[in-house]
Structures are given as C-alpha cells and as structure tokens.
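Novice: The structure that follows is given in the form of structure tokens.
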Amino acid sequence: MNSTTDIVWLQDNLRVADNPLLHFEHCPHQLLCLYVLDQRWLQAAVPGEKTPRLGPARLRFLWQSLMELRGELLRRGSDLLVRIGDPAAVVVELATSLDAREVRVAEHSGCEESKNITRAAAGLPDSCRLYRADSGYLIDAAALPFELDALPSSFSAFRRSVEKQCEIPPPLPAPVTLPGWPDGAPRGFPPLRSVCETSAAWQPDNRQGFVFVGGESAANDRLQHYLWRQNGAESYKKTRNGLLGANFSTRFSPWLSRGCLSARQVNHEVKAWEAEFGSCESSYWIVFELLWRDYFHRAAQLEGASLFGRDSLPAANAAFDTWRNADTGVPFIDAAMLELRRTGWISNRARQNVASFLVKDLQVDWRLGAWWFEHCLIDYDVASNWGNWRYIAGVGRDPRQDRYFNVLKQAGHYDPKGLYVAYWLPALESLPYGLERHQPWRVAPSQFKQPCVLPDEWQRWLIAATEFEETDE
Ligand SMILES: Cc1cc2nc3c(=O)[nH]c(=O)nc-3n(C[C@H](O)[C@H](O)[C@H](O)COP(=O)(O)OP(=O)(O)OC[C@H]3O[C@@H](n4cnc5c(N)ncnc54)[C@H](O)[C@@H]3O)c2cc1C
C-alpha cells in the first residue's frame with residue numbers, strides 16, 4: 001500500500017485540543033503541520049505609512065503561540081513548519097513536492113484568508129483533495145438554523161434563533177499521538193528576530209497588571225484562573241465594563257483570536273462552573289459575548305471584501321494623528337490610546353469610546369481607526385475588529401446613526417474618580433479625584449491644553465462638573 005501524506009494548514013487555530021483538523025477519518029501515514037505568515041501583513045496598508053498591519057504586540061504573541069504549538073506537536077510525534085510568504089503558493093508547493101493526499105484547513109472569516117484557501121485549492125494537483133472544516137466557533141456554519149446568506153441582520157435576532165435551535169457541541173480532545181513527519185519534508189521555524197527586530201525587542205508595559213503570553217497552556221491557565229480562582233463567572237456582568245485591573249473581564253480575546261483557545265472550550269468550562277455553583281446572569285453573559293463573536297464572524301464571511309469599506313484606505317490626516325498619538329487633550333481618550341499602544345490591549349468600554357470619538361467627534365474615516373487597531377491589537381481578529389468598527393460607525397449590517405458615545409459622560413460614569421485616566425496620564429494626579437480629571441483644561445488651563453474638539457453634546461457634562469465643584473465646596 002502507498003504511504004499517504006496529509007498537510008494540516010494552520011491559520012487562526014493554533015491549538016491541539018478541540019482542533020478538528022487533527023482528527024482524521026482515515027489517518028494518513030505521514031503528516032506535515034504548516035503555518036505560513038502572510039508576508040503582506042508585514043507591509044503597510046495605508047498610503048504614505050510605514051506602520052505594518054501586524055504590529056509588534058501581536059507578532060510577538062503569535063510567535064509565542066507557534067513555539068508552544070510546535071512543542072505540543074513534537075510531543076505527539078509531529079512537528080510544525082513555519083514559513084513566511086504567500087500562503088497559497090507555499091501550500092501548493094509543499095502539496096506537490098510531497099505528493100500529498102489531502103490539505104486540511106479551517107474556514108476563515110477574513111476574505112484575504114479565504115481567498116488564499118481558494119487559490120490554494122485551484123493550484124493543488126488533481127490527486128490532492130482540500131478538506132475544509134469549521135473550527136473555533138460555538139456553532140458551525142452547517143449547524144446554524146439558516147443559510148449564511150439569510151443571516152439575521154441584527155445580533156439579537158441571530159442570538160434568539162441560535163439559542164432556541166442550536167446545541168453547542170463539547171470540545172474535541174487533543175490527539176495523544178500524530179502521524180510522523182513526511183520523509184524528506186523540510187523543517188524550520190524562523191526566530192522572531194529574523195522576522196521583525198521591533199517585535200523581538202518589544203515589551204508590554206506591565207502597568208496594566210496583566211501580561212499576555214501566547215500559547216495553549218497560558219490560555220488554559222487564564223481560563224482556569226478566571227473561572228475557578230477569580231470566580232469571574234459570578235460577577236462578569238457587573239465588572240465587564242471596567243477599565244483598570246486584570247480581572248474585570250475574561251481577557252480570553254488574544255487566545256481566542258489566534259485559536260490557542262476555542263469558544264467551545266470556554267463554553268464547556270463555563271458549564272462545568274455552572275454545574276458546581278449554579279448558572280447566573282454573569283455566567284450566561286460570558287457565552288452571550290462569545291455569540292457576539294460568532295455573529296461578527298458569520299457577518300464577515302457574508303460581507304467578504306465589503307467588510308473593509310468600498311474604496312481603498314484614505315491617507316492619515318492631522319485629526320487621526322492626534323487620536324493615535326494620544327494627543328487629543330481628552331484624558332479618557334488619550335489614556336486609552338496610550339494603553340493600547342503600550343500593551344496591545346484595551347477594554348471593550350475603552351474601544352467603544354475611542355472608536356466613537358474618532359468617527360463621530362473627530363469625523364475621521366472609520367477605516368483608519370480600524371486599521372490602527374489592526375496594527376496595535378494583540379487580539380486583533382478581522383471579523384471582530386472590522387465588524388465592531390462598522391457597528392460603531394453605523395455602516396453595513398444593522399446600521400444606526402445613534403451609536404454616539406458622549407465620552408465625557410462615559411468617563412464620569414465608568415471612571416468617576418478619574419483613577420484610570422491618572423493611571424496612564426500621571427500629570428492628572430495633581431488634580432483631585434473626580435470629574436475634574438476628565439476636563440483638566442477647565443480646572444487648570446495653564447497646565448493642560450484645550451481638547452482638540454469640544455462637541456456640543458458635551459456641554460451638559462461640562463456643567464455637571466461645575467455642579468460637582470460647587471457641591472464639593
Ligand atoms: C472598535 C472595536 C474593535 C474591536 N476589535 C476586536 C478585535 O480585533 N478582536 C477581538 O477579539 N475583539 C474585538 N473587539 C471586541 C471586544 O472589545 C473584545 O473582544 C474584548 O474587549 C476582549 O476582552 P475580553 O476577552 O476580556 O472580553 P470579554 O468581555 O471577557 O468577552 C469574552 C469574549 O467574548 C468575545 N467578545 C466580547 N465582546 C465582543 C464583541 N463586541 N465583538 C466580538 N467578540 C466579543 C471575545 O472573544 C472575548 O474574548 C472590538 C471592539 C470594538 C468596540
């Protein structure tokens with residue numbers, strides 16, 4: 001009998017557990033596991049910019065994830081080949097030279113990644129089949145109660161339908177052993193330094209009180225820590241809008257985005273926690289948020305290239321530079337933009353505010369904001385990022401113009417003492433706790449500059465601060 005060789009082409013599913021690509025109906029004799037870093041991600045997307053789409057925080061996290069995955073694969077008798085280039089071309093070249101029986105790949109919500117799969121399929125030799133599976137979602141596309149092109153236009157309708165008609169399957173176990181490496185197949189894993197010096201040298205600002213480390217074991221540690229040691233499923237709904245500290249939300253996002261952790265693994269652990277302590281609104285809400293993630297991914301699959309807007313990205317302008325350089329003069333915005341740049345992560349509340357501020361107050365094209373997030377975020381995923389930006393900008397599916405965040409009101413509500421802003425902008429520590437810290441140009445005009453924009457919508461909240469001062473006296 002001829003020996004068979006399969007290729008597992010990994011993208012954002014960098015784990016051995018709950019990975020359908022590593023479960024075979026007919027196990028091959030030999031297996032090559034492959035990751036190809038798309039060289040386009042190391043290039044700029046905006047005219048006149050040098051900043052690459054893939055920034056240092058995420059690239060570093062990605063490399064940590066790949067290194068650990070390689071260790072897990074080696075332990076099971078396999079290995080991981082890492083290349084940089086055109087993913088479709090690399091897959092076709094390897095499938096041809098190894099005379100592969102099958103290339104196994106997970107569907108991707110990004111249209112570039114999907115196009116890579118289609119291009120690879122077109123270039124594969126006739127003897128090689130392409131196996132495509134869903135991976136990482138709560139509900140696979142085939143199990144959804146509607147066809148993709150009939151995806152409900154709002155999240156609420158999607159959630160109601162899915163909650164009523166779908167069961168979330170349990171995660172698959174990790175394989176104990178895997179087929180050996182193909183005879184004569186290349187091996188190799190370029191060190192991060194050779195890919196990008198900046199990423200190799202990049203260190204997160206540890207003031208955030210939390211450092212993300214890529215890989216499946218760190219993902220599982222966080223899952224265990226948040227649910228069982230922090231008891232986060234008991235309080236998540238109340239704390240999730242927090243801004244400071246390590247545990248106000250799950251912080252699963254970087255691992256979910258690179259697939260070091262699957263949504264089903266999280267659901268499974270939440271169910272185990274509920275079996276022990278009883279279900280509650282907070283435990284339900286963690287899975288509710290994961291349904292948002294599923295929804296954005298399905299919407300991105302449907303949108304294709306239009307997810308990114310119709311035209312090419314505009315050039316950066318002065319208002320955009322003020323925003324990305326944390327120089328707007330609005331502490332709530334500048335603190336979040338500093339945190340983003342220095343750590344690669346900000347809370348959902350901060351993301352919503354900085355996005356709304358850029359689009360609605362500074363009137364900058366939302367796509368520049370989405371692109372900057374793509375560069376900075378450690379947890380960037382194409383569907384969640386571009387989908388959330390569209391949602392806030394009020395374009396695309398479920399468009400509404402009323403998604404305006406009054407950032408002064410938000411700051412007063414979510415950071416009433418001004419602890420968050422002073423944490424990232426220590427000059428504010430000289431001001432008393434309270435709303436003054438959110439409008440320092442009024443309280444200490446000689447020390448703090450006027451904000452770059454003063455929308456009418458803020459007036460009521462500026463007055464609220466005056467009332468606060470007067471009552472305080
Ligand atoms: C402008 C903007 C851009 C965003 N870009 C991304 C992105 O690139 N990658 C990303 O993972 N999330 C993105 N989000 C969604 C959300 O902000 C993050 O998922 C969340 O803050 C991550 O922190 P967490 O893991 O503690 O989330 P938790 O609050 O603990 O939620 C648990 C998980 O649910 C999912 N989730 C929660 N909220 C959302 C949401 N609104 N959309 C999609 N999934 C959600 C995430 O997988 C998250 O890890 C964005 C939100 C906004 C407003």
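Note on naming: chains are A, B, ... as they come in the structure tokens, residues start from 1 per chain, ligands start from 1 in the order shown.
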Return as a PyMOL selection string the residues of protein, DNA or RNA that approach ligand 1 to within 7 Å, with only C-alpha atoms and all ligand atoms taken into account.
Specialist: chain A and resi 240+249-254+256-257+286+289-290+292-293+296+346-348+351-352+355+370+373-374+377+379-382+384-386+388-389
Novice: Fewer than 2 positions away in the same chain doesn't count, so skip those; otherwise give me all residues within 12 Å of Glu457 in chain A, counting only C-alpha atoms, as a VMD selection string.
Specialist: chain A and resid 357 360 to 361 404 to 409 453 to 455 459 to 463
Novice: What would the file look like if the residues just selected were written as a PDB file, in the first residue's frame with C-alpha atoms?
Specialist:
ATOM      1  CA  PHE A 357     -14.672  59.704  19.398  1.00  0.00           C
ATOM      2  CA  LYS A 360     -18.292  60.899  15.457  1.00  0.00           C
ATOM      3  CA  ASP A 361     -16.386  63.716  17.189  1.00  0.00           C
ATOM      4  CA  TYR A 404     -22.678  58.015  19.698  1.00  0.00           C
ATOM      5  CA  PHE A 405     -20.723  57.804  22.921  1.00  0.00           C
ATOM      6  CA  ASN A 406     -20.530  61.067  24.834  1.00  0.00           C
ATOM      7  CA  VAL A 407     -17.035  60.427  26.091  1.00  0.00           C
ATOM      8  CA  LEU A 408     -17.304  62.889  28.984  1.00  0.00           C
ATOM      9  CA  LYS A 409     -20.485  61.230  30.196  1.00  0.00           C
ATOM     10  CA  VAL A 453     -12.551  69.273  19.721  1.00  0.00           C
ATOM     11  CA  LEU A 454     -15.392  70.393  22.006  1.00  0.00           C
ATOM     12  CA  PRO A 455     -18.656  68.920  20.683  1.00  0.00           C
ATOM     13  CA  GLN A 459     -21.946  70.803  27.283  1.00  0.00           C
ATOM     14  CA  ARG A 460     -24.288  69.188  29.782  1.00  0.00           C
ATOM     15  CA  TRP A 461     -21.422  67.157  31.185  1.00  0.00           C
ATOM     16  CA  LEU A 462     -19.115  70.121  31.433  1.00  0.00           C
ATOM     17  CA  ILE A 463     -21.809  71.767  33.517  1.00  0.00           C
TER      18      ILE A 463
END
Novice: Can you tell me, as an MDAnalysis selection string, what residues are no more than 12 Å from range 192-202 of chain A when counting only C-alpha atoms, ignoring any on the same chain fewer than 2 positions away?
Specialist: chainID A and resid 37:39 41:43 51:52 54:67 82:85 189:190 204:205 341:344 376 378
Novice: Just checking: using only C-alpha atoms, which residue out of A:Glu68, A:Asp86, A:Asp134, A:Asp79 ends up closest to Leu21 in chain A?
Specialist: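 Of all the options, A:Asp134 lies closest to Leu21 in chain A.
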Novice: List every residue of range 139-379 of chain A that DSSP, applied to the backbone of this structure, places in alpha helix (DSSP H), and write the result as a PyMOL selection string.
Specialist: chain A and resi 155-165+192-195+197-201+216-224+232-239+253-258+263-277+281-303+318-324+331-343+348-356+366-376
Novice: I'd like the contact shell of range 411-419 of chain A - 12 Å cut-off, only C-alpha atoms, skipping same-chain residues fewer than 4 positions apart - returned as a PyMOL selection string.
Specialist: chain A and resi 238-245+330-336+347-350+352-354+405-407+423-440+458+461-462+464-465+468
Novice: Export, as a JSON list (two decimals), in the first residue's frame, the selected residues with C-alpha atoms.
Specialist:
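See part.json below for the written result:
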[["chain", "number", "residue", "atom", "x", "y", "z"],
["A", 238, "LYS", "CA", -21.22, 43.65, 36.72],
["A", 239, "THR", "CA", -17.49, 44.08, 36.20],
["A", 240, "ARG", "CA", -17.05, 43.68, 32.43],
["A", 241, "ASN", "CA", -17.17, 47.42, 31.75],
["A", 242, "GLY", "CA", -14.17, 48.01, 33.99],
["A", 243, "LEU", "CA", -11.05, 49.83, 32.88],
["A", 244, "LEU", "CA", -8.37, 49.06, 35.46],
["A", 245, "GLY", "CA", -7.02, 45.77, 36.76],
["A", 330, "VAL", "CA", -9.33, 64.48, 26.28],
["A", 331, "PRO", "CA", -7.87, 62.33, 29.07],
["A", 332, "PHE", "CA", -10.36, 59.46, 28.67],
["A", 333, "ILE", "CA", -9.32, 59.08, 25.03],
["A", 334, "ASP", "CA", -5.62, 59.74, 25.46],
["A", 335, "ALA", "CA", -5.30, 57.31, 28.38],
["A", 336, "ALA", "CA", -6.91, 54.51, 26.35],
["A", 347, "SER", "CA", -11.13, 47.07, 27.45],
["A", 348, "ASN", "CA", -14.28, 46.89, 25.38],
["A", 349, "ARG", "CA", -15.56, 50.08, 27.04],
["A", 350, "ALA", "CA", -12.40, 51.94, 26.05],
["A", 352, "GLN", "CA", -16.11, 51.77, 22.06],
["A", 353, "ASN", "CA", -15.24, 55.23, 23.32],
["A", 354, "VAL", "CA", -12.10, 55.81, 21.30],
["A", 405, "PHE", "CA", -20.72, 57.80, 22.92],
["A", 406, "ASN", "CA", -20.53, 61.07, 24.83],
["A", 407, "VAL", "CA", -17.03, 60.43, 26.09],
["A", 423, "TYR", "CA", -3.04, 55.85, 35.87],
["A", 424, "TRP", "CA", -1.97, 56.37, 32.27],
["A", 425, "LEU", "CA", -1.55, 60.17, 32.42],
["A", 426, "PRO", "CA", 0.21, 60.76, 35.76],
["A", 427, "ALA", "CA", 0.10, 64.58, 35.36],
["A", 428, "LEU", "CA", -3.58, 64.30, 36.30],
["A", 429, "GLU", "CA", -2.68, 63.01, 39.75],
["A", 430, "SER", "CA", -2.19, 66.62, 40.79],
["A", 431, "LEU", "CA", -5.97, 67.15, 40.37],
["A", 432, "PRO", "CA", -8.49, 65.96, 42.96],
["A", 433, "TYR", "CA", -10.34, 62.68, 42.42],
["A", 434, "GLY", "CA", -13.45, 63.20, 40.30],
["A", 435, "LEU", "CA", -14.72, 64.71, 37.10],
["A", 436, "GLU", "CA", -12.05, 67.43, 37.10],
["A", 437, "ARG", "CA", -9.60, 64.83, 35.91],
["A", 438, "HIS", "CA", -11.71, 64.35, 32.80],
["A", 439, "GLN", "CA", -11.71, 68.05, 31.88],
["A", 440, "PRO", "CA", -8.41, 69.37, 33.20],
["A", 458, "TRP", "CA", -20.52, 67.56, 25.89],
["A", 461, "TRP", "CA", -21.42, 67.16, 31.18],
["A", 462, "LEU", "CA", -19.12, 70.12, 31.43],
["A", 464, "ALA", "CA", -22.14, 68.62, 35.60],
["A", 465, "ALA", "CA", -18.52, 69.09, 36.53],
["A", 468, "PHE", "CA", -19.68, 68.79, 41.17]]
Novice: For a test of reading the model, state the distance in Å between CA of Ser135 in chain A and CA of Cys111 in chain A, rounded to one decimal.
Specialist: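 Calculated distance between CA of Ser135 in chain A and CA of Cys111 in chain A is 16.3 Å.
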Novice: Please compute the CA of Glu216 in chain A-CA of Asn13 in chain A distance, one decimal, in Å.
Specialist: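 We find that CA of Glu216 in chain A and CA of Asn13 in chain A lie 10.3 Å from each other.
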Novice: Can you tell me which residues surround range 269-275 of chain A at a distance of at most 10 Å, considering only C-alpha atoms, apart from same-chain residues fewer than 3 positions away, and format the answer as a list of chain:residue names?
Specialist: A:Pro170, A:Leu223, A:Gln224, A:Leu227, A:Trp228, A:Asn231, A:Gly232, A:Ala233, A:Glu234, A:Arg264, A:Gln265, A:Val266, A:Gly278, A:Ser279, A:Cys280, A:Ser283, A:Tyr284, A:Ile286, A:Val287
Novice: Range 11-158 of chain A: which residues are strand (DSSP E) by DSSP, as an MDAnalysis selection string?
Specialist: chainID A and resid 30:38 81:85 102:106 129:133
Novice: How would the residues just chosen look if you wrote them out with C-alpha atoms as a short mmCIF file (atom, residue, chain, number, x, y, z; two decimals), in the first residue's frame?
Specialist:
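Writing done, so here's again28.cif:
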data_model
loop_
_atom_site.label_atom_id
_atom_site.label_comp_id
_atom_site.auth_asym_id
_atom_site.auth_seq_id
_atom_site.Cartn_x
_atom_site.Cartn_y
_atom_site.Cartn_z
CA GLN A 30 2.61 10.92 7.43
CA LEU A 31 1.57 14.41 8.39
CA LEU A 32 3.06 17.86 7.86
CA CYS A 33 1.72 20.69 10.03
CA LEU A 34 2.26 24.09 8.48
CA TYR A 35 1.87 27.74 9.39
CA VAL A 36 2.57 30.44 6.81
CA LEU A 37 2.87 34.04 7.92
CA ASP A 38 1.36 36.07 5.10
CA LEU A 81 6.94 24.02 9.73
CA VAL A 82 6.77 27.82 9.80
CA ARG A 83 7.27 29.81 6.62
CA ILE A 84 6.86 33.46 5.61
CA GLY A 85 5.44 34.18 2.18
CA GLU A 102 -5.11 15.94 1.41
CA VAL A 103 -4.63 19.52 2.62
CA ARG A 104 -6.68 20.22 5.73
CA VAL A 105 -7.60 23.79 6.58
CA ALA A 106 -10.16 25.60 8.72
CA ARG A 129 -8.05 16.97 -2.05
CA LEU A 130 -8.80 20.04 0.06
CA TYR A 131 -10.62 19.32 3.30
CA ARG A 132 -12.26 22.40 4.87
CA ALA A 133 -13.72 22.41 8.38
#
Novice: Choose the residue, out of A:Gln230, A:Asn247, A:Ser78, A:Ser235, that has the smallest atom-to-atom separation from Phe210 in chain A; count only C-alpha atoms.
Specialist: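 Once distances to Phe210 in chain A are computed over only C-alpha atoms, the minimum belongs to A:Asn247.
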Novice: Under the rule that only C-alpha atoms are counted, which of A:His26, A:Arg258, A:Arg222, A:Arg298 is the nearest residue to Leu14 in chain A?
Specialist: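 Residue with the minimum atom-to-atom distance to Leu14 in chain A: A:Arg258.
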Novice: Report, in Å to a single decimal, how far apart CA of Gly136 in chain A and CA of Trp372 in chain A are.
Specialist: 25.4 Å
Novice: Using only C-alpha atoms, determine which residues lie at most 9 Å from Ala120 in chain A, disregarding the query and same-chain residues fewer than 4 positions distant; provide the list as a list in words.
Specialist: Pro87, Ala88, Ala89, Val90, Val91, Val92, Lys115, Asn116, Leu124 and Leu130 of chain A
Novice: Would you please work out which residue, of A:Gly394, A:Gly209, A:Gly387, A:Gly259, is nearest to Ser356 in chain A when using only C-alpha atoms?
Specialist: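 The shortest atom-to-atom distance to Ser356 in chain A comes from A:Gly394.
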Novice: Do you know which residues are at most 12 Å from Glu49 in chain A counting only C-alpha atoms, after dropping those on the same chain fewer than 5 positions away, and could you put them as a ChimeraX atom specification?
Specialist: /A:43-44,313-317,321,368,371-372,375
